[in-house]
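Below is one structure, written out as structure tokens; comments come after it.
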Amino acid sequence: GMGKTTLAGFVYDKVWEEFDDSCFLSDVREVCERHCLPAVQKTLILKLLKENYLDYDDDHDLSNKIKTRLCHKKILFVLDDVNQLKQLWGLAREHNWFGLGSRIIITTRYKDLLQHSLTKSEIYEVKPLKDEDAYHLFYLKAF
């Protein structure tokens, strides 16, 4: 693709220490297709709250747990490859789900998805790299 995941990963690696906690959820689309939204929600909760067991299967209950348990923590949260509004609403529906200073980075192929999301603040569109820059990035990643 355009390097959205790579760019989000770069930003995450540079700033994660500035937050109370952080989580990079990759391939949200694929995980939701394989296992459903509650599986992704459980992963988020387990990573950020360090809980070993969750007795919830309902995406609404899990959304409430995210909202009530993380609202006082400054979180860096990356949602990679989101393709449905339901995923955004189940994982980061509103800014007040996370503490002051939290940042949520969402990568998606569907710009209109972000425009209809309640999590929207600023939308950055990744432009294609020039050939020279693409070669440099490829070289860095491949070797």
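Identifiers in the structure tokens: chain A, B, ... in order shown; residue index from 1 per chain; ligand index from 1 in order shown.
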_strand (DSSP E) call set, DSSP backbone run, chain A, as a PyMOL selection string_ = chain A and resi 21-25+75-82+103-108
Query - Contacts of Val31 (chain A) at 12 Å (only C-alpha atoms; same-chain gap of 3+ positions) as JSON, numbers by chain - result: {"A": [25, 26, 27, 28, 34, 35, 36, 37, 38, 39, 40, 41, 42, 43, 79, 80, 81, 82, 83, 87]}
For the residues selected in the previous step, produce a file with all heavy atoms as a compact mmCIF listing (two decimals), in the first residue's frame.
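Saved result, again28.txt, follows:
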# COMPACT_ATOMS: atom_id res chain seq x y z
N LEU A 25 -2.69 -2.03 17.78
CA LEU A 25 -3.49 -3.15 17.31
C LEU A 25 -3.39 -3.21 15.79
O LEU A 25 -3.96 -2.38 15.09
CB LEU A 25 -4.96 -3.01 17.73
CG LEU A 25 -5.25 -3.14 19.21
CD1 LEU A 25 -6.74 -2.95 19.47
CD2 LEU A 25 -4.80 -4.49 19.74
N SER A 26 -2.66 -4.19 15.29
CA SER A 26 -2.47 -4.30 13.85
C SER A 26 -3.54 -5.19 13.24
O SER A 26 -4.13 -6.05 13.91
CB SER A 26 -1.07 -4.83 13.54
OG SER A 26 -0.88 -6.07 14.16
N ASP A 27 -3.80 -4.97 11.96
CA ASP A 27 -4.72 -5.81 11.18
C ASP A 27 -6.10 -5.96 11.81
O ASP A 27 -6.64 -7.06 11.91
CB ASP A 27 -4.11 -7.19 10.93
CG ASP A 27 -2.82 -7.12 10.16
OD1 ASP A 27 -2.74 -6.29 9.23
OD2 ASP A 27 -1.88 -7.88 10.48
N VAL A 28 -6.68 -4.85 12.26
CA VAL A 28 -8.01 -4.89 12.89
C VAL A 28 -9.03 -5.53 11.96
O VAL A 28 -9.83 -6.37 12.39
CB VAL A 28 -8.46 -3.47 13.32
CG1 VAL A 28 -9.90 -3.47 13.77
CG2 VAL A 28 -7.54 -2.93 14.40
N ARG A 34 -11.81 -12.77 11.17
CA ARG A 34 -11.53 -14.12 11.67
C ARG A 34 -12.23 -14.43 12.98
O ARG A 34 -12.72 -15.54 13.19
CB ARG A 34 -10.03 -14.31 11.88
CG ARG A 34 -9.25 -14.56 10.65
CD ARG A 34 -7.85 -14.96 11.02
NE ARG A 34 -7.00 -14.95 9.86
CZ ARG A 34 -5.69 -14.96 9.92
NH1 ARG A 34 -5.08 -14.99 11.08
NH2 ARG A 34 -4.98 -14.95 8.83
N HIS A 35 -12.19 -13.46 13.91
CA HIS A 35 -12.61 -13.75 15.28
C HIS A 35 -13.77 -12.91 15.79
O HIS A 35 -14.33 -13.25 16.81
CB HIS A 35 -11.44 -13.57 16.24
CG HIS A 35 -10.25 -14.38 15.87
ND1 HIS A 35 -10.19 -15.75 16.02
CD2 HIS A 35 -9.06 -14.02 15.35
CE1 HIS A 35 -9.02 -16.19 15.62
NE2 HIS A 35 -8.32 -15.16 15.20
N CYS A 36 -14.07 -11.79 15.21
CA CYS A 36 -15.13 -10.84 15.60
C CYS A 36 -14.57 -9.71 16.46
O CYS A 36 -13.47 -9.80 17.00
CB CYS A 36 -16.31 -11.52 16.29
SG CYS A 36 -15.99 -12.06 17.97
N LEU A 37 -15.34 -8.65 16.56
CA LEU A 37 -14.92 -7.45 17.27
C LEU A 37 -14.57 -7.69 18.73
O LEU A 37 -13.56 -7.16 19.22
CB LEU A 37 -15.99 -6.36 17.14
CG LEU A 37 -15.72 -5.05 17.86
CD1 LEU A 37 -14.44 -4.39 17.35
CD2 LEU A 37 -16.90 -4.11 17.70
N PRO A 38 -15.34 -8.48 19.49
CA PRO A 38 -14.97 -8.68 20.90
C PRO A 38 -13.55 -9.24 21.09
O PRO A 38 -12.90 -8.94 22.09
CB PRO A 38 -16.03 -9.66 21.41
CG PRO A 38 -17.23 -9.33 20.59
CD PRO A 38 -16.68 -9.04 19.21
N ALA A 39 -13.06 -10.00 20.15
CA ALA A 39 -11.68 -10.51 20.26
C ALA A 39 -10.68 -9.36 20.22
O ALA A 39 -9.70 -9.36 20.97
CB ALA A 39 -11.39 -11.50 19.13
N VAL A 40 -10.92 -8.38 19.38
CA VAL A 40 -10.03 -7.21 19.30
C VAL A 40 -10.17 -6.37 20.56
O VAL A 40 -9.18 -5.89 21.12
CB VAL A 40 -10.33 -6.36 18.04
CG1 VAL A 40 -9.39 -5.17 17.96
CG2 VAL A 40 -10.21 -7.21 16.78
N GLN A 41 -11.39 -6.19 21.04
CA GLN A 41 -11.62 -5.43 22.27
C GLN A 41 -10.91 -6.09 23.45
O GLN A 41 -10.30 -5.41 24.27
CB GLN A 41 -13.12 -5.33 22.55
CG GLN A 41 -13.86 -4.45 21.56
CD GLN A 41 -15.36 -4.54 21.77
OE1 GLN A 41 -15.93 -5.62 21.83
NE2 GLN A 41 -15.99 -3.38 21.89
N LYS A 42 -11.00 -7.41 23.54
CA LYS A 42 -10.32 -8.13 24.62
C LYS A 42 -8.82 -7.94 24.55
O LYS A 42 -8.16 -7.76 25.57
CB LYS A 42 -10.67 -9.62 24.58
CG LYS A 42 -12.07 -9.93 25.04
CD LYS A 42 -12.36 -11.42 24.94
CE LYS A 42 -13.77 -11.73 25.37
NZ LYS A 42 -14.06 -13.18 25.30
N THR A 43 -8.26 -7.98 23.35
CA THR A 43 -6.83 -7.75 23.18
C THR A 43 -6.44 -6.38 23.71
O THR A 43 -5.44 -6.24 24.43
CB THR A 43 -6.42 -7.90 21.70
OG1 THR A 43 -6.76 -9.21 21.25
CG2 THR A 43 -4.94 -7.65 21.51
N LEU A 79 -4.92 1.97 15.87
CA LEU A 79 -5.82 1.00 15.24
C LEU A 79 -5.41 0.90 13.78
O LEU A 79 -5.62 1.85 13.03
CB LEU A 79 -7.26 1.48 15.33
CG LEU A 79 -7.91 1.44 16.69
CD1 LEU A 79 -9.15 2.32 16.71
CD2 LEU A 79 -8.28 0.03 17.03
N ASP A 80 -4.86 -0.21 13.40
CA ASP A 80 -4.33 -0.37 12.05
C ASP A 80 -5.29 -1.15 11.16
O ASP A 80 -5.79 -2.20 11.57
CB ASP A 80 -2.98 -1.08 12.12
CG ASP A 80 -2.40 -1.36 10.76
OD1 ASP A 80 -2.29 -0.42 9.96
OD2 ASP A 80 -2.07 -2.54 10.49
N ASP A 81 -5.52 -0.64 9.98
CA ASP A 81 -6.34 -1.29 8.95
C ASP A 81 -7.78 -1.50 9.38
O ASP A 81 -8.32 -2.60 9.33
CB ASP A 81 -5.71 -2.61 8.50
CG ASP A 81 -6.30 -3.11 7.18
OD1 ASP A 81 -6.91 -2.30 6.45
OD2 ASP A 81 -6.16 -4.31 6.89
N VAL A 82 -8.42 -0.41 9.78
CA VAL A 82 -9.84 -0.42 10.14
C VAL A 82 -10.66 -0.31 8.87
O VAL A 82 -10.33 0.48 7.99
CB VAL A 82 -10.13 0.76 11.09
CG1 VAL A 82 -11.62 0.89 11.34
CG2 VAL A 82 -9.36 0.61 12.39
N ASN A 83 -11.72 -1.08 8.77
CA ASN A 83 -12.55 -0.99 7.56
C ASN A 83 -14.04 -0.86 7.84
O ASN A 83 -14.84 -0.83 6.91
CB ASN A 83 -12.29 -2.18 6.63
CG ASN A 83 -12.85 -3.48 7.13
OD1 ASN A 83 -13.01 -3.67 8.34
ND2 ASN A 83 -13.15 -4.39 6.23
N GLN A 87 -16.07 -1.10 14.10
CA GLN A 87 -14.77 -1.32 14.75
C GLN A 87 -14.34 -0.08 15.53
O GLN A 87 -13.89 -0.17 16.67
CB GLN A 87 -13.72 -1.70 13.71
CG GLN A 87 -14.00 -3.01 13.02
CD GLN A 87 -13.27 -3.16 11.71
OE1 GLN A 87 -12.59 -2.25 11.24
NE2 GLN A 87 -13.40 -4.34 11.10
*asked:* Residues within 10 Å of Val126 (chain A), please, as a PyMOL selection string. Count only C-alpha atoms; anything in the same chain fewer than 3 positions from it doesn't count.
replied: chain A and resi 2-4+7+107+123+129
Fill in: Near-Cys23 (chain A) list (10 Å; only C-alpha atoms; drop same-chain fewer than 6 positions) as a list in words
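Here the answer would be Tyr12, Trp16, Thr43, Leu44, Ile45, Lys47, Leu48, Ile75, Leu76, Phe77, Val78, Leu79 and Ile104 of chain A.
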- So which bits of region 24-101 of chain A end up helix (DSSP H, G or I) when you DSSP the backbone, as a PyMOL selection string? chain A and resi 28-35+37-49+59-70+85-92+95-97
Give me the residues within 8 Å of region 90-98 of chain A as a CSV table (one decimal) with all heavy atoms, in the first residue's frame, counting only C-alpha atoms and dropping any in the same chain fewer than 2 places off.
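The new file selection-v2.csv reads:
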chain,number,residue,atom,x,y,z
A,37,LEU,N,-15.3,-8.7,16.6
A,37,LEU,CA,-14.9,-7.4,17.3
A,37,LEU,C,-14.6,-7.7,18.7
A,37,LEU,O,-13.6,-7.2,19.2
A,37,LEU,CB,-16.0,-6.4,17.1
A,37,LEU,CG,-15.7,-5.0,17.9
A,37,LEU,CD1,-14.4,-4.4,17.4
A,37,LEU,CD2,-16.9,-4.1,17.7
A,41,GLN,N,-11.4,-6.2,21.0
A,41,GLN,CA,-11.6,-5.4,22.3
A,41,GLN,C,-10.9,-6.1,23.4
A,41,GLN,O,-10.3,-5.4,24.3
A,41,GLN,CB,-13.1,-5.3,22.6
A,41,GLN,CG,-13.9,-4.5,21.6
A,41,GLN,CD,-15.4,-4.5,21.8
A,41,GLN,OE1,-15.9,-5.6,21.8
A,41,GLN,NE2,-16.0,-3.4,21.9
A,59,ASP,N,-19.8,-7.2,22.6
A,59,ASP,CA,-19.0,-6.0,22.2
A,59,ASP,C,-19.5,-4.8,23.0
A,59,ASP,O,-18.7,-3.9,23.3
A,59,ASP,CB,-19.0,-5.8,20.7
A,59,ASP,CG,-20.3,-5.6,20.1
A,59,ASP,OD1,-21.4,-6.0,20.7
A,59,ASP,OD2,-20.4,-5.0,19.0
A,60,HIS,N,-20.8,-4.7,23.4
A,60,HIS,CA,-21.2,-3.5,24.1
A,60,HIS,C,-20.6,-3.5,25.5
A,60,HIS,O,-20.2,-2.5,26.0
A,60,HIS,CB,-22.8,-3.5,24.2
A,60,HIS,CG,-23.3,-2.4,24.9
A,60,HIS,ND1,-23.3,-1.1,24.4
A,60,HIS,CD2,-23.9,-2.3,26.1
A,60,HIS,CE1,-23.8,-0.3,25.3
A,60,HIS,NE2,-24.2,-1.0,26.3
A,62,LEU,N,-17.9,-4.9,26.5
A,62,LEU,CA,-16.5,-4.7,26.4
A,62,LEU,C,-16.2,-3.2,26.1
A,62,LEU,O,-15.2,-2.6,26.6
A,62,LEU,CB,-15.8,-5.6,25.3
A,62,LEU,CG,-15.7,-7.0,25.7
A,62,LEU,CD1,-15.6,-7.9,24.5
A,62,LEU,CD2,-14.6,-7.2,26.7
A,63,SER,N,-17.0,-2.6,25.2
A,63,SER,CA,-16.9,-1.1,25.0
A,63,SER,C,-17.0,-0.3,26.3
A,63,SER,O,-16.3,0.6,26.5
A,63,SER,CB,-18.0,-0.6,24.0
A,63,SER,OG,-17.7,-1.2,22.7
A,66,ILE,N,-13.9,-0.6,28.3
A,66,ILE,CA,-12.8,0.2,27.7
A,66,ILE,C,-13.0,1.7,28.2
A,66,ILE,O,-12.1,2.3,28.7
A,66,ILE,CB,-12.8,0.2,26.2
A,66,ILE,CG1,-12.3,-1.2,25.7
A,66,ILE,CG2,-11.9,1.2,25.6
A,66,ILE,CD1,-12.6,-1.5,24.3
A,67,LYS,N,-14.3,2.1,28.1
A,67,LYS,CA,-14.6,3.5,28.4
A,67,LYS,C,-14.4,3.8,29.9
A,67,LYS,O,-13.8,4.8,30.2
A,67,LYS,CB,-16.1,3.8,28.0
A,67,LYS,CG,-16.6,5.2,28.3
A,67,LYS,CD,-17.9,5.5,27.8
A,67,LYS,CE,-19.0,4.5,28.2
A,67,LYS,NZ,-20.3,4.9,27.8
A,68,THR,N,-14.9,2.9,30.8
A,68,THR,CA,-14.8,3.2,32.2
A,68,THR,C,-13.4,3.0,32.8
A,68,THR,O,-13.0,3.7,33.7
A,68,THR,CB,-15.8,2.4,33.0
A,68,THR,OG1,-15.6,1.0,32.7
A,68,THR,CG2,-17.2,2.8,32.5
A,70,LEU,N,-10.4,3.1,31.1
A,70,LEU,CA,-9.2,3.8,30.5
A,70,LEU,C,-9.4,5.3,30.5
A,70,LEU,O,-8.5,6.0,30.0
A,70,LEU,CB,-9.0,3.3,29.1
A,70,LEU,CG,-8.6,1.8,29.0
A,70,LEU,CD1,-8.5,1.4,27.5
A,70,LEU,CD2,-7.3,1.6,29.7
A,71,CYS,N,-10.5,5.8,31.0
A,71,CYS,CA,-10.8,7.3,30.9
A,71,CYS,C,-9.9,8.2,31.7
A,71,CYS,O,-9.9,9.4,31.5
A,71,CYS,CB,-12.3,7.5,31.2
A,71,CYS,SG,-12.7,7.2,32.9
A,72,HIS,N,-9.1,7.6,32.6
A,72,HIS,CA,-8.2,8.4,33.4
A,72,HIS,C,-6.7,8.2,33.0
A,72,HIS,O,-5.9,8.7,33.7
A,72,HIS,CB,-8.4,8.1,34.9
A,72,HIS,CG,-9.8,8.4,35.3
A,72,HIS,ND1,-10.3,9.6,35.4
A,72,HIS,CD2,-10.8,7.6,35.7
A,72,HIS,CE1,-11.6,9.6,35.8
A,72,HIS,NE2,-11.9,8.3,36.0
A,73,LYS,N,-6.5,7.4,32.0
A,73,LYS,CA,-5.1,7.1,31.5
A,73,LYS,C,-4.8,7.8,30.2
A,73,LYS,O,-5.6,7.9,29.3
A,73,LYS,CB,-5.0,5.6,31.3
A,73,LYS,CG,-5.0,4.8,32.6
A,73,LYS,CD,-4.8,3.3,32.2
A,73,LYS,CE,-3.4,2.9,32.6
A,73,LYS,NZ,-3.1,1.5,32.4
A,74,LYS,N,-3.6,8.4,30.2
A,74,LYS,CA,-3.1,9.0,29.0
A,74,LYS,C,-2.6,7.9,28.1
A,74,LYS,O,-1.6,7.3,28.4
A,74,LYS,CB,-2.0,10.0,29.3
A,74,LYS,CG,-1.5,10.7,28.1
A,74,LYS,CD,-0.4,11.7,28.5
A,74,LYS,CE,0.3,12.3,27.4
A,74,LYS,NZ,1.4,13.2,27.8
A,75,ILE,N,-3.3,7.6,27.0
A,75,ILE,CA,-3.1,6.4,26.2
A,75,ILE,C,-2.6,6.8,24.8
A,75,ILE,O,-3.1,7.8,24.2
A,75,ILE,CB,-4.4,5.6,26.0
A,75,ILE,CG1,-4.9,5.2,27.4
A,75,ILE,CG2,-4.2,4.4,25.1
A,75,ILE,CD1,-4.1,4.2,28.1
A,86,LYS,N,-18.2,0.1,12.8
A,86,LYS,CA,-18.5,-0.6,14.1
A,86,LYS,C,-17.1,-0.9,14.8
A,86,LYS,O,-17.1,-0.9,16.0
A,86,LYS,CB,-19.1,-2.0,13.7
A,86,LYS,CG,-19.4,-2.9,14.8
A,86,LYS,CD,-20.0,-4.2,14.4
A,86,LYS,CE,-20.3,-5.1,15.6
A,86,LYS,NZ,-20.9,-6.3,15.3
A,87,GLN,N,-16.1,-1.1,14.1
A,87,GLN,CA,-14.8,-1.3,14.8
A,87,GLN,C,-14.3,-0.1,15.5
A,87,GLN,O,-13.9,-0.2,16.7
A,87,GLN,CB,-13.7,-1.7,13.7
A,87,GLN,CG,-14.0,-3.0,13.0
A,87,GLN,CD,-13.3,-3.2,11.7
A,87,GLN,OE1,-12.6,-2.2,11.2
A,87,GLN,NE2,-13.4,-4.3,11.1
A,88,LEU,N,-14.5,1.1,14.9
A,88,LEU,CA,-14.1,2.3,15.6
A,88,LEU,C,-15.0,2.6,16.8
A,88,LEU,O,-14.5,2.9,17.9
A,88,LEU,CB,-14.3,3.5,14.6
A,88,LEU,CG,-13.2,3.6,13.5
A,88,LEU,CD1,-13.5,4.8,12.6
A,88,LEU,CD2,-11.8,3.7,14.1
A,100,LEU,N,-7.0,12.7,29.4
A,100,LEU,CA,-6.4,13.9,28.7
A,100,LEU,C,-5.1,13.6,28.2
A,100,LEU,O,-4.2,12.9,28.8
A,100,LEU,CB,-6.4,15.0,29.7
A,100,LEU,CG,-7.7,15.6,30.2
A,100,LEU,CD1,-7.5,16.7,31.2
A,100,LEU,CD2,-8.5,16.2,29.0
A,102,SER,N,-4.4,11.8,25.5
A,102,SER,CA,-4.4,10.6,24.8
A,102,SER,C,-4.4,10.9,23.3
A,102,SER,O,-4.9,11.9,22.8
A,102,SER,CB,-5.6,9.7,25.1
A,102,SER,OG,-5.5,9.2,26.5
A,104,ILE,N,-5.1,8.8,19.5
A,104,ILE,CA,-5.6,7.7,18.8
A,104,ILE,C,-5.2,7.8,17.3
A,104,ILE,O,-5.6,8.8,16.7
A,104,ILE,CB,-7.1,7.5,19.0
A,104,ILE,CG1,-7.5,7.4,20.4
A,104,ILE,CG2,-7.6,6.3,18.2
A,104,ILE,CD1,-8.9,7.8,20.8
A,117,SER,N,-16.9,9.2,11.7
A,117,SER,CA,-16.6,8.7,13.0
A,117,SER,C,-16.6,9.8,14.1
A,117,SER,O,-16.3,10.9,13.8
A,117,SER,CB,-15.1,8.1,13.0
A,117,SER,OG,-14.7,7.8,14.3
A,118,LEU,N,-16.9,9.4,15.3
A,118,LEU,CA,-16.9,10.4,16.4
A,118,LEU,C,-15.5,10.6,16.9
A,118,LEU,O,-15.3,11.4,17.7
A,118,LEU,CB,-17.9,9.9,17.5
A,118,LEU,CG,-19.3,9.8,17.1
A,118,LEU,CD1,-20.1,9.2,18.3
A,118,LEU,CD2,-19.9,11.1,16.8
A,119,THR,N,-14.6,9.8,16.5
A,119,THR,CA,-13.2,9.9,17.0
A,119,THR,C,-12.4,10.9,16.2
A,119,THR,O,-11.2,11.1,16.5
A,119,THR,CB,-12.5,8.5,17.0
A,119,THR,OG1,-12.4,8.1,15.6
A,119,THR,CG2,-13.2,7.5,17.8
Pairwise distance, CA of Lys141 (chain A) with CA of Thr6 (chain A), equals 9.7 Å
- Message: When you count only C-alpha atoms, which of these residues is closest to Arg109 (chain A): A:Asp21, A:Phe143, A:Glu125, A:Phe138?
- Response: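 Distance minimum relative to Arg109 (chain A) lands on A:Glu125.
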